[in-house]
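The next block is final_17.cif, given as mmCIF, C-alpha atoms.
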data_upload
loop_
_atom_site.label_atom_id
_atom_site.label_comp_id
_atom_site.auth_asym_id
_atom_site.auth_seq_id
_atom_site.Cartn_x
_atom_site.Cartn_y
_atom_site.Cartn_z
CA MET A 1 132.85 -70.45 197.28
CA GLU A 2 136.59 -70.99 196.97
CA ARG A 3 136.10 -74.64 197.84
CA ALA A 4 133.39 -74.98 195.21
CA LEU A 5 135.61 -73.46 192.55
CA GLN A 6 138.46 -75.71 193.62
CA SER A 7 136.16 -78.71 193.41
CA ALA A 8 134.93 -77.61 189.98
CA ALA A 9 138.50 -77.22 188.73
CA ILE A 10 139.44 -80.66 189.97
CA ILE A 11 136.37 -82.17 188.30
CA VAL A 12 137.22 -80.52 184.98
CA VAL A 13 140.83 -81.73 185.10
CA LEU A 14 139.81 -85.25 186.07
CA LEU A 15 137.23 -85.31 183.32
CA LEU A 16 139.85 -84.26 180.78
CA VAL A 17 142.17 -87.03 181.93
CA GLN A 18 139.26 -89.49 182.01
CA THR A 19 138.34 -88.77 178.40
CA THR A 20 141.84 -88.52 176.97
CA PHE A 21 144.34 -90.75 178.80
CA ILE A 22 142.22 -93.29 180.66
CA PRO A 23 140.96 -95.00 177.45
CA LEU A 24 144.59 -95.80 176.75
CA ILE A 25 144.75 -98.05 179.80
CA SER A 26 141.50 -99.88 179.07
CA LEU A 27 141.58 -103.56 180.11
CA GLY A 28 139.08 -105.70 178.24
CA GLY A 29 136.85 -102.69 177.82
CA PHE A 30 136.91 -101.84 181.52
CA LEU A 31 137.98 -98.34 182.54
CA PRO A 32 138.71 -96.86 185.96
CA ASP A 33 136.52 -93.93 186.97
CA LEU A 34 138.66 -91.09 188.29
CA LEU A 35 135.66 -88.93 189.09
CA MET A 36 134.36 -91.69 191.33
CA ILE A 37 137.65 -91.75 193.26
CA TRP A 38 137.37 -87.99 193.73
CA LEU A 39 133.77 -88.35 194.94
CA VAL A 40 134.87 -90.79 197.65
CA VAL A 41 137.43 -88.23 198.79
CA VAL A 42 134.76 -85.52 198.89
CA ALA A 43 132.32 -87.78 200.76
CA LEU A 44 134.90 -88.69 203.39
CA GLN A 45 136.25 -85.15 203.81
CA ARG A 46 133.13 -83.01 203.47
CA GLY A 47 130.13 -85.16 204.19
CA GLN A 48 126.99 -86.38 202.53
CA ILE A 49 125.40 -83.15 201.27
CA GLU A 50 128.49 -81.81 199.57
CA ALA A 51 129.26 -85.22 198.11
CA THR A 52 125.74 -85.54 196.70
CA VAL A 53 125.86 -82.12 195.06
CA THR A 54 129.39 -82.71 193.75
CA GLY A 55 128.30 -86.09 192.39
CA PHE A 56 125.46 -84.50 190.50
CA ALA A 57 127.63 -81.74 189.08
CA ALA A 58 130.43 -84.10 188.07
CA GLY A 59 127.97 -86.55 186.54
CA LEU A 60 126.21 -83.84 184.60
CA LEU A 61 129.50 -82.56 183.21
CA GLN A 62 130.44 -86.10 182.30
CA ASP A 63 127.10 -86.53 180.52
CA LEU A 64 127.67 -83.40 178.49
CA VAL A 65 131.24 -84.28 177.54
CA ALA A 66 131.50 -88.03 177.47
CA THR A 67 128.37 -90.19 177.76
CA LYS A 68 126.07 -88.19 175.46
CA PHE A 69 123.26 -89.55 177.60
CA LEU A 70 122.06 -86.49 179.47
CA GLY A 71 121.21 -87.17 183.09
CA LEU A 72 122.42 -90.76 183.34
CA ALA A 73 125.85 -90.21 184.89
CA ALA A 74 124.36 -87.39 186.96
CA LEU A 75 121.79 -89.79 188.39
CA SER A 76 124.33 -92.56 188.97
CA LYS A 77 126.90 -90.34 190.62
CA THR A 78 124.30 -88.54 192.77
CA ILE A 79 123.06 -91.85 194.20
CA ALA A 80 126.56 -93.28 194.67
CA ALA A 81 127.84 -90.11 196.35
CA PHE A 82 124.82 -90.01 198.65
CA VAL A 83 125.49 -93.58 199.81
CA LEU A 84 129.18 -92.83 200.26
CA GLY A 85 128.22 -89.88 202.43
CA TYR A 86 127.03 -92.29 205.11
CA PHE A 87 130.70 -93.21 205.72
CA TYR A 88 131.64 -89.66 206.65
CA ASN A 89 133.15 -89.37 210.11
CA GLU A 90 134.93 -86.13 210.88
CA ASN A 91 137.11 -87.84 213.45
CA MET A 92 138.25 -90.54 211.06
CA VAL A 93 138.84 -88.64 207.83
CA GLU A 94 142.57 -89.06 207.65
CA GLN A 95 142.59 -92.64 208.87
CA THR A 96 139.97 -93.65 206.33
CA LEU A 97 141.59 -91.87 203.39
CA GLY A 98 144.95 -93.40 204.13
CA SER A 99 143.79 -96.95 204.60
CA TYR A 100 142.40 -99.90 202.63
CA ARG A 101 138.91 -98.69 203.68
CA PHE A 102 139.29 -95.91 201.14
CA VAL A 103 139.89 -98.47 198.40
CA MET A 104 136.89 -100.50 199.53
CA LEU A 105 134.69 -97.44 199.52
CA VAL A 106 135.88 -96.61 196.01
CA ALA A 107 134.94 -100.13 194.97
CA LEU A 108 131.54 -99.82 196.63
CA GLY A 109 130.84 -96.39 195.15
CA SER A 110 132.03 -97.41 191.73
CA PHE A 111 129.93 -100.57 191.80
CA LEU A 112 126.79 -98.68 192.82
CA HIS A 113 127.41 -95.99 190.22
CA ASP A 114 127.97 -98.46 187.41
CA LEU A 115 125.06 -100.65 188.45
CA VAL A 116 122.62 -97.74 188.19
CA PHE A 117 124.31 -96.56 185.02
CA PHE A 118 124.22 -99.89 183.20
CA LEU A 119 120.74 -100.85 184.38
CA VAL A 120 119.50 -97.88 182.41
CA PHE A 121 122.11 -97.85 179.68
CA LEU A 122 121.53 -101.46 178.67
CA GLN A 123 117.76 -101.11 178.41
CA GLY A 124 116.44 -102.23 175.06
CA THR A 125 119.25 -104.71 174.41
CA GLU A 126 118.75 -108.42 174.01
CA GLN A 127 121.24 -109.15 176.82
CA PRO A 128 120.19 -110.20 180.34
CA ILE A 129 120.40 -106.68 181.67
CA PHE A 130 120.63 -107.35 185.39
CA PHE A 131 123.41 -109.90 185.26
CA LEU A 132 125.28 -108.04 182.58
CA SER A 133 125.04 -104.85 184.65
CA ILE A 134 126.46 -106.63 187.69
CA GLU A 135 129.28 -108.11 185.63
CA LEU A 136 130.23 -104.81 184.06
CA SER A 137 129.86 -102.93 187.35
CA ALA A 138 132.04 -105.44 189.17
CA GLY A 139 134.73 -105.16 186.52
CA MET A 140 134.67 -101.38 186.55
CA ALA A 141 134.63 -101.30 190.35
CA LEU A 142 137.62 -103.63 190.57
CA TYR A 143 139.64 -101.61 188.10
CA THR A 144 138.74 -98.31 189.76
CA ALA A 145 139.62 -99.76 193.17
CA VAL A 146 143.00 -100.86 191.88
CA ILE A 147 143.70 -97.36 190.63
CA ALA A 148 142.45 -95.97 193.97
CA VAL A 149 145.35 -97.68 195.69
CA LEU A 150 147.59 -94.90 194.38
CA PRO A 151 145.81 -92.02 196.13
CA MET A 152 145.43 -94.24 199.18
CA PHE A 153 149.21 -94.47 199.44
CA ALA A 154 149.47 -90.76 198.88
CA PHE A 155 147.02 -90.02 201.69
CA SER A 156 148.73 -92.58 203.90
CA ARG A 157 152.03 -90.81 203.45
CA ARG A 158 150.52 -87.35 203.76
CA TYR A 159 148.60 -88.08 206.94
CA ASN A 160 151.22 -90.49 208.23
CA THR A 161 148.80 -93.34 208.67
CA SER A 162 149.13 -97.06 208.11
CA TRP A 163 147.17 -98.17 205.04
CA ALA A 164 146.65 -101.64 206.55
CA ARG A 165 144.80 -100.36 209.67
CA MET B 1 103.22 -73.25 208.56
CA LEU B 2 105.98 -72.19 206.18
CA GLN B 3 108.44 -72.25 209.06
CA ARG B 4 107.34 -75.79 209.91
CA VAL B 5 107.92 -76.91 206.33
CA TYR B 6 111.30 -75.24 206.37
CA ASP B 7 112.17 -76.96 209.65
CA ILE B 8 111.22 -80.38 208.27
CA LEU B 9 113.19 -79.76 205.08
CA PHE B 10 116.19 -78.64 207.10
CA GLU B 11 115.99 -81.64 209.37
CA PHE B 12 115.96 -83.98 206.39
CA ARG B 13 118.05 -81.80 204.10
CA GLU B 14 120.24 -84.67 202.90
CA TYR B 15 117.21 -86.55 201.63
CA ALA B 16 115.62 -83.41 200.25
CA ILE B 17 118.78 -82.62 198.27
CA LEU B 18 119.05 -86.20 197.07
CA ALA B 19 115.39 -86.23 196.01
CA GLY B 20 115.76 -82.91 194.21
CA LEU B 21 118.88 -83.97 192.33
CA VAL B 22 117.48 -87.38 191.44
CA ILE B 23 114.33 -85.77 190.09
CA LEU B 24 116.44 -83.30 188.13
CA SER B 25 118.49 -86.18 186.73
CA LEU B 26 115.35 -88.05 185.75
CA ILE B 27 113.97 -84.97 184.02
CA LEU B 28 117.23 -84.66 182.10
CA LEU B 29 117.05 -88.37 181.29
CA ALA B 30 113.53 -87.91 179.97
CA LEU B 31 114.80 -85.26 177.57
CA ASN B 32 116.82 -87.94 175.76
CA ASP B 33 115.23 -89.64 172.83
CA ASN B 34 117.34 -92.77 172.55
CA PRO B 35 116.07 -96.38 172.73
CA GLN B 36 117.13 -96.82 176.36
CA VAL B 37 115.00 -93.93 177.53
CA LYS B 38 112.06 -95.14 175.44
CA ARG B 39 112.41 -98.54 177.04
CA VAL B 40 112.59 -97.01 180.54
CA ARG B 41 109.54 -94.92 179.75
CA ALA B 42 107.66 -98.03 178.67
CA VAL B 43 108.66 -99.94 181.81
CA THR B 44 107.76 -96.94 183.98
CA SER B 45 104.38 -96.65 182.31
CA VAL B 46 103.64 -100.30 183.01
CA VAL B 47 104.78 -100.03 186.64
CA PHE B 48 102.80 -96.85 187.21
CA GLY B 49 99.78 -98.37 185.49
CA VAL B 50 99.84 -101.41 187.77
CA VAL B 51 100.32 -99.27 190.88
CA GLN B 52 97.56 -96.87 189.85
CA GLU B 53 95.23 -99.78 189.17
CA GLN B 54 95.84 -101.07 192.69
CA VAL B 55 95.34 -97.73 194.42
CA ASN B 56 92.46 -96.53 192.25
CA PHE B 57 89.93 -97.50 194.91
CA ILE B 58 91.31 -94.79 197.19
CA PRO B 59 89.19 -91.71 196.47
CA SER B 60 91.03 -88.51 195.77
CA TYR B 61 89.54 -85.63 197.76
CA PHE B 62 90.35 -83.03 195.14
CA GLY B 63 89.31 -85.36 192.33
CA LEU B 64 86.00 -86.05 194.05
CA ARG B 65 85.41 -82.38 194.62
CA ALA B 66 86.00 -81.53 190.98
CA GLU B 67 83.96 -84.53 189.88
CA ASN B 68 81.15 -83.54 192.22
CA GLU B 69 81.09 -80.03 190.80
CA LEU B 70 81.09 -81.38 187.26
CA LEU B 71 78.28 -83.80 188.07
CA ARG B 72 76.22 -81.06 189.70
CA ARG B 73 76.63 -78.87 186.64
CA MET B 74 75.70 -81.80 184.40
CA ASN B 75 72.71 -82.49 186.62
CA VAL B 76 71.46 -78.94 186.19
CA ASP B 77 71.97 -79.10 182.41
CA LEU B 78 70.26 -82.48 182.15
CA ALA B 79 67.39 -81.41 184.38
CA ASP B 80 66.91 -78.35 182.19
CA GLU B 81 67.05 -80.49 179.07
CA ALA B 82 64.63 -83.03 180.56
CA TYR B 83 62.24 -80.21 181.47
CA ARG B 84 62.36 -78.81 177.95
CA LEU B 85 61.88 -82.28 176.44
CA ARG B 86 58.94 -82.94 178.75
CA GLU B 87 57.40 -79.64 177.71
CA ALA B 88 57.95 -80.45 174.06
CA LYS B 89 56.45 -83.91 174.53
CA LEU B 90 53.38 -82.54 176.29
CA GLU B 91 52.95 -79.88 173.64
CA ASN B 92 53.34 -82.54 170.99
CA LEU B 93 50.68 -84.70 172.64
CA ARG B 94 48.30 -81.78 172.95
CA LEU B 95 48.83 -80.68 169.36
CA HIS B 96 48.56 -84.27 168.18
CA GLY B 97 45.15 -84.53 169.85
CA LEU B 98 44.05 -81.24 168.41
CA ILE B 99 45.17 -82.25 164.91
CA GLY B 100 43.19 -85.47 165.30
CA LEU B 101 40.16 -83.42 166.29
CA LYS B 102 40.65 -81.10 163.37
CA ASP B 103 40.85 -83.99 160.92
CA HIS B 104 37.55 -85.40 162.06
CA ALA B 105 35.65 -82.16 162.54
CA THR B 106 32.67 -81.47 160.31
CA HIS B 107 33.02 -77.71 160.84
CA ARG B 108 35.99 -75.46 160.28
CA LEU B 109 38.09 -75.13 163.39
CA ILE B 110 40.08 -72.02 164.28
CA ALA B 111 43.07 -72.78 166.49
CA ALA B 112 43.70 -70.53 169.46
CA ASN B 113 45.92 -70.25 172.47
CA VAL B 114 44.53 -69.54 175.89
CA VAL B 115 46.12 -66.27 177.00
CA GLY B 116 44.01 -65.64 180.07
CA LYS B 117 42.03 -67.65 182.60
CA ASN B 118 39.58 -66.70 185.26
CA LEU B 119 38.82 -69.86 187.18
CA THR B 120 38.09 -68.61 190.65
CA LEU B 121 34.68 -67.07 190.30
CA LEU B 122 31.17 -68.26 189.60
CA ARG B 123 31.48 -66.89 186.10
CA ASN B 124 34.67 -68.53 184.91
CA THR B 125 36.05 -67.41 181.57
CA LEU B 126 38.98 -67.86 179.20
CA THR B 127 40.60 -65.31 176.97
CA LEU B 128 41.83 -66.48 173.55
CA ASP B 129 44.43 -64.88 171.30
CA ILE B 130 42.15 -64.79 168.27
CA GLY B 131 39.33 -62.43 167.46
CA SER B 132 37.02 -61.16 164.77
CA GLN B 133 39.94 -60.72 162.35
CA ASP B 134 40.42 -64.48 162.56
CA GLY B 135 36.78 -65.18 161.85
CA VAL B 136 35.62 -65.59 165.42
CA GLU B 137 32.11 -64.47 166.26
CA GLU B 138 30.06 -64.40 169.42
CA ARG B 139 28.14 -67.57 170.32
CA MET B 140 30.62 -69.84 168.59
CA PRO B 141 31.42 -73.00 170.56
CA VAL B 142 34.93 -73.73 171.79
CA VAL B 143 36.28 -77.28 172.01
CA THR B 144 39.42 -79.33 172.46
CA ASP B 145 40.14 -82.93 171.62
CA ALA B 146 38.92 -83.77 175.16
CA GLY B 147 35.52 -82.18 174.66
CA LEU B 148 33.44 -79.06 175.06
CA VAL B 149 35.10 -75.99 176.55
CA GLY B 150 32.45 -73.31 176.34
CA LEU B 151 30.96 -70.56 174.24
CA VAL B 152 32.40 -67.33 172.86
CA VAL B 153 30.60 -64.45 174.53
CA ALA B 154 32.69 -61.43 173.55
CA VAL B 155 34.97 -60.72 170.61
CA SER B 156 37.41 -57.95 169.79
CA ALA B 157 39.65 -57.70 166.74
CA HIS B 158 42.35 -59.93 168.21
CA TYR B 159 40.85 -61.53 171.31
CA ALA B 160 37.83 -63.51 172.32
CA VAL B 161 36.31 -64.23 175.74
CA VAL B 162 34.79 -67.62 176.36
CA ASN B 163 32.24 -68.62 178.98
CA ILE B 164 33.40 -72.07 179.95
CA LEU B 165 31.22 -74.90 181.26
CA LEU B 166 32.07 -73.80 184.77
CA ASN B 167 30.10 -70.59 184.48
CA THR B 168 26.70 -69.95 186.05
CA ASP B 169 25.60 -68.27 182.81
CA PHE B 170 26.41 -71.33 180.76
CA ARG B 171 23.72 -73.79 179.64
CA ALA B 172 23.89 -76.60 177.09
CA SER B 173 21.41 -79.19 175.97
CA ALA B 174 22.97 -82.57 176.60
CA LYS B 175 22.19 -86.24 176.65
CA VAL B 176 23.53 -89.38 178.21
CA GLN B 177 25.30 -91.25 175.47
CA ARG B 178 24.30 -94.74 176.64
CA SER B 179 20.63 -94.27 177.55
CA ARG B 180 19.93 -91.18 175.36
CA VAL B 181 18.39 -89.40 178.36
CA ASP B 182 18.20 -85.64 177.80
CA GLY B 183 19.00 -82.89 180.24
CA ILE B 184 20.60 -79.51 180.64
CA VAL B 185 24.20 -79.08 181.66
CA ALA B 186 24.84 -76.19 184.02
CA TRP B 187 27.30 -74.98 186.64
CA ASP B 188 25.83 -74.41 190.10
CA GLY B 189 28.88 -72.65 191.41
CA LYS B 190 30.34 -75.84 192.91
CA SER B 191 29.70 -78.67 190.46
CA LEU B 192 28.83 -79.27 186.87
CA ILE B 193 25.36 -80.81 186.89
CA LEU B 194 22.90 -82.40 184.48
CA LYS B 195 19.53 -80.84 185.26
CA ASN B 196 16.00 -81.80 184.48
CA VAL B 197 16.45 -85.55 184.40
CA PRO B 198 13.43 -87.28 185.92
CA LYS B 199 14.04 -89.88 188.64
CA SER B 200 12.63 -92.59 186.43
CA ARG B 201 15.36 -92.15 183.80
CA ASP B 202 18.37 -94.47 183.50
CA VAL B 203 21.53 -92.59 184.41
CA LYS B 204 24.48 -94.22 186.13
CA PRO B 205 27.88 -93.05 187.29
CA GLY B 206 30.36 -93.52 184.45
CA ASP B 207 27.88 -92.58 181.74
CA VAL B 208 29.29 -90.21 179.13
CA VAL B 209 27.43 -86.96 178.63
CA ILE B 210 27.50 -85.36 175.17
CA THR B 211 25.90 -82.37 173.50
CA SER B 212 22.44 -82.96 172.22
CA GLU B 213 21.07 -82.29 168.75
CA TYR B 214 18.45 -80.19 170.50
CA SER B 215 21.06 -77.51 171.01
CA ASP B 216 21.25 -74.77 168.40
CA MET B 217 24.50 -73.43 169.87
CA PHE B 218 26.67 -76.53 169.80
CA PRO B 219 27.25 -79.25 167.27
CA ASP B 220 25.84 -82.53 168.54
CA ASP B 221 27.83 -85.43 170.01
CA VAL B 222 30.59 -83.30 171.50
CA ARG B 223 31.76 -84.86 174.73
CA ILE B 224 31.02 -82.81 177.85
CA GLY B 225 31.97 -85.12 180.69
CA VAL B 226 31.29 -88.26 182.65
CA VAL B 227 28.59 -88.77 185.27
CA SER B 228 30.36 -88.95 188.59
CA ASP B 229 27.45 -89.04 191.01
CA VAL B 230 23.71 -89.77 190.77
CA ARG B 231 21.30 -89.15 193.67
CA ASP B 232 17.57 -89.08 194.12
CA ARG B 233 16.42 -86.08 196.12
CA PRO B 234 13.28 -86.80 198.17
CA SER B 235 11.92 -83.31 197.74
CA SER B 236 12.38 -83.21 193.97
CA MET B 237 11.06 -85.11 191.03
CA PHE B 238 14.46 -84.87 189.30
CA LYS B 239 17.68 -86.70 189.82
CA SER B 240 20.71 -84.88 191.17
CA ILE B 241 23.43 -85.72 188.65
CA THR B 242 26.99 -84.48 188.94
CA ILE B 243 29.32 -84.50 185.94
CA ALA B 244 33.12 -84.53 185.86
CA PRO B 245 34.09 -82.33 182.89
CA SER B 246 36.19 -84.00 180.21
CA VAL B 247 38.30 -80.89 179.78
CA ASP B 248 40.88 -80.07 182.40
CA PHE B 249 40.40 -76.31 182.55
CA VAL B 250 43.35 -75.77 184.85
CA ARG B 251 45.79 -77.21 182.32
CA LEU B 252 44.09 -75.91 179.21
CA GLU B 253 46.47 -74.18 176.80
CA GLU B 254 45.25 -74.69 173.25
CA VAL B 255 41.65 -74.79 171.98
CA PHE B 256 39.65 -74.62 168.78
CA VAL B 257 36.83 -72.25 168.06
CA VAL B 258 34.24 -74.11 165.98
CA GLU B 259 32.92 -72.06 163.10
CA TYR B 260 29.42 -73.21 163.89
CA ARG B 261 26.52 -70.88 163.36
CA SER B 262 23.11 -71.70 164.70
CA ASP B 263 20.07 -71.71 162.53
CA ALA B 264 18.82 -68.10 162.64
CA GLU B 265 15.19 -69.02 162.15
CA ARG B 266 15.30 -71.59 164.95
CA GLN B 267 17.19 -69.20 167.20
CA LEU B 268 14.65 -66.47 166.66
CA LEU B 269 11.88 -68.84 167.51
CA GLU B 270 13.58 -70.14 170.64
CA GLN B 271 14.36 -66.65 171.88
CA LYS B 272 10.66 -66.25 172.32
CA ALA B 273 10.67 -69.22 174.70
CA PRO B 274 10.87 -68.35 178.45
CA ALA B 275 13.87 -70.58 179.42
CA GLY B 276 17.30 -69.57 178.13
CA VAL B 277 18.37 -73.02 177.13
CA HIS B 278 20.85 -73.29 174.24
#
Now that the file is in, can you turn its structure into structure tokens?
Amino acid sequence: MERALQSAAIIVVLLLVQTTFIPLISLGGFLPDLLMIWLVVVALQRGQIEATVTGFAAGLLQDLVATKFLGLAALSKTIAAFVLGYFYNENMVEQTLGSYRFVMLVALGSFLHDLVFFLVFLQGTEQPIFFLSIELSAGMALYTAVIAVLPMFAFSRRYNTSWAR
Amino acid sequence: MLQRVYDILFEFREYAILAGLVILSLILLALNDNPQVKRVRAVTSVVFGVVQEQVNFIPSYFGLRAENELLRRMNVDLADEAYRLREAKLENLRLHGLIGLKDHATHRLIAANVVGKNLTLLRNTLTLDIGSQDGVEERMPVVTDAGLVGLVVAVSAHYAVVNILLNTDFRASAKVQRSRVDGIVAWDGKSLILKNVPKSRDVKPGDVVITSEYSDMFPDDVRIGVVSDVRDRPSSMFKSITIAPSVDFVRLEEVFVVEYRSDAERQLLEQKAPAGVH
């Protein structure tokens, strides 16, 4: 229960930052997704089930506050978190969090999340939806992965691991 | 059973949770009313339509069961409706024939329904739902569009009893329509016969037998039946002629009583004669 409340508090804080400060560092319209970085942490530390549920809750909150498209971020984050859960290994938590693998997983999760998100979000437009979705997802994933380097260093220092291994 | 379901769900709990949350997300998505969702709905409809079209040949057990029940109920309703229509059609045909008869009759006809039948004895009778209050009197002939039925032998205020052709008490003067050979129609307990026709007379199977003008009880030229068998008996000077009655007494439902009264003077005279031929 305590862990759930802690997770909920973190999600709320991240969502506040995401909607207030993150737009200020937008690059060509691309924004990093802090909630996605947090989901990778949850997936690697707590496993697939908790990550999936956290993804849904975080996405739903994001829908209510930011996207105004009820259910879309919830769906995207649920699927992405579920896939990320496959990389859970209780013997490798610290090594993974403190290494480049964490950044790669953030990129993967972010890409999956944005791909699902944009494939639905861009429906009804005249644009080539599939290619545009890949382009946007790749951009978002890259930016989020770059930002994820910061927590990677933090974990590396905390767990005394080498980020390059 | 429930435990087994629980075990399976527990074993695949990750997928169960994913499926549940995805479905919940899709339900939430469906609540939106923006163009994207409309577009997704349209695409989904097309995809589902194509898939359903491909798997439509697979019969659904529950669908078949419900369909079967519906069809059985419809079958009962339609059978009932068909029965009622058939009844109405038959009644229509019967009444149509009777109306035709009534149009061409030279005497007034009183319509009646057969409310009782006694067709198992030597003295077979019908009971009609009309009586003296309707103008029916004893010794009035009874007919249908098919031909002669019999003779009224008893009347009450609302009912009348008819001796039909198939009654050992019944006699009628008759003739063969083709050859004009005269005889007497009677019921011998087994067959309707044409009596008193000499062997030399021309009567063949298929000849139509009608009432004769010699009769004072029946109007002439009313069809009685068709000759079905003609035999020469060695020990008799008369032919043995069997007649198939024109009227189907088993299926008889509506008749007409003919308001036909015999000539009183002739009747009085003939009553003095020894044979009770009408």
Hits of the PyMOL selection byres ((chain A) within 8 of (chain B)) in this structure, as an MDAnalysis selection string: chainID A and resid 48:49 52:53 56 69:72 74:75 78:79 82 120:124
Would you place a box with edges along x, y and z of the file around all atoms of stretch 137-146 of chain B listed there, add 8 Å to each of its six sides, and report the centre and edge lengths in Å to one decimal, as JSON?
{"center_x": 34.1, "center_y": -74.1, "center_z": 170.7, "size_x": 28.0, "size_y": 35.4, "size_z": 24.9}
Between atom CA of B:Val197 and atom CA of B:Met237, distance in Å (one decimal):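 These two atoms are separated by 8.6 Å.
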Residue members of the PyMOL selection byres ((chain A and resi 94) around 8) in the file shown, as a list of chain:residue names: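 Selection result, ordered by chain and number: A:Met92, A:Val93, A:Gln95, A:Thr96, A:Leu97, A:Gly98, A:Phe155, A:Tyr159, A:Thr161.
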Picked residues, the PyMOL selection byres ((chain B and resi 241) around 7), as number ranges by chain: B: 193-194, 227, 229-231, 239-240, 242-243
Selected residue, from A:Ala66, A:Asn91, A:Ser110, A:Thr125, that lies nearest to A:Thr20 when counting all atoms listed in the file: A:Ala66
Interatomic distance (Å, one decimal) between atom CA of B:Val222 and atom CA of B:Ile210: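 According to the coordinates, atom CA of B:Val222 and atom CA of B:Ile210 are separated by 5.2 Å.
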One-decimal distance in Å that lies between atom CA of A:Trp38 and atom CA of A:Thr54: 9.6 Å
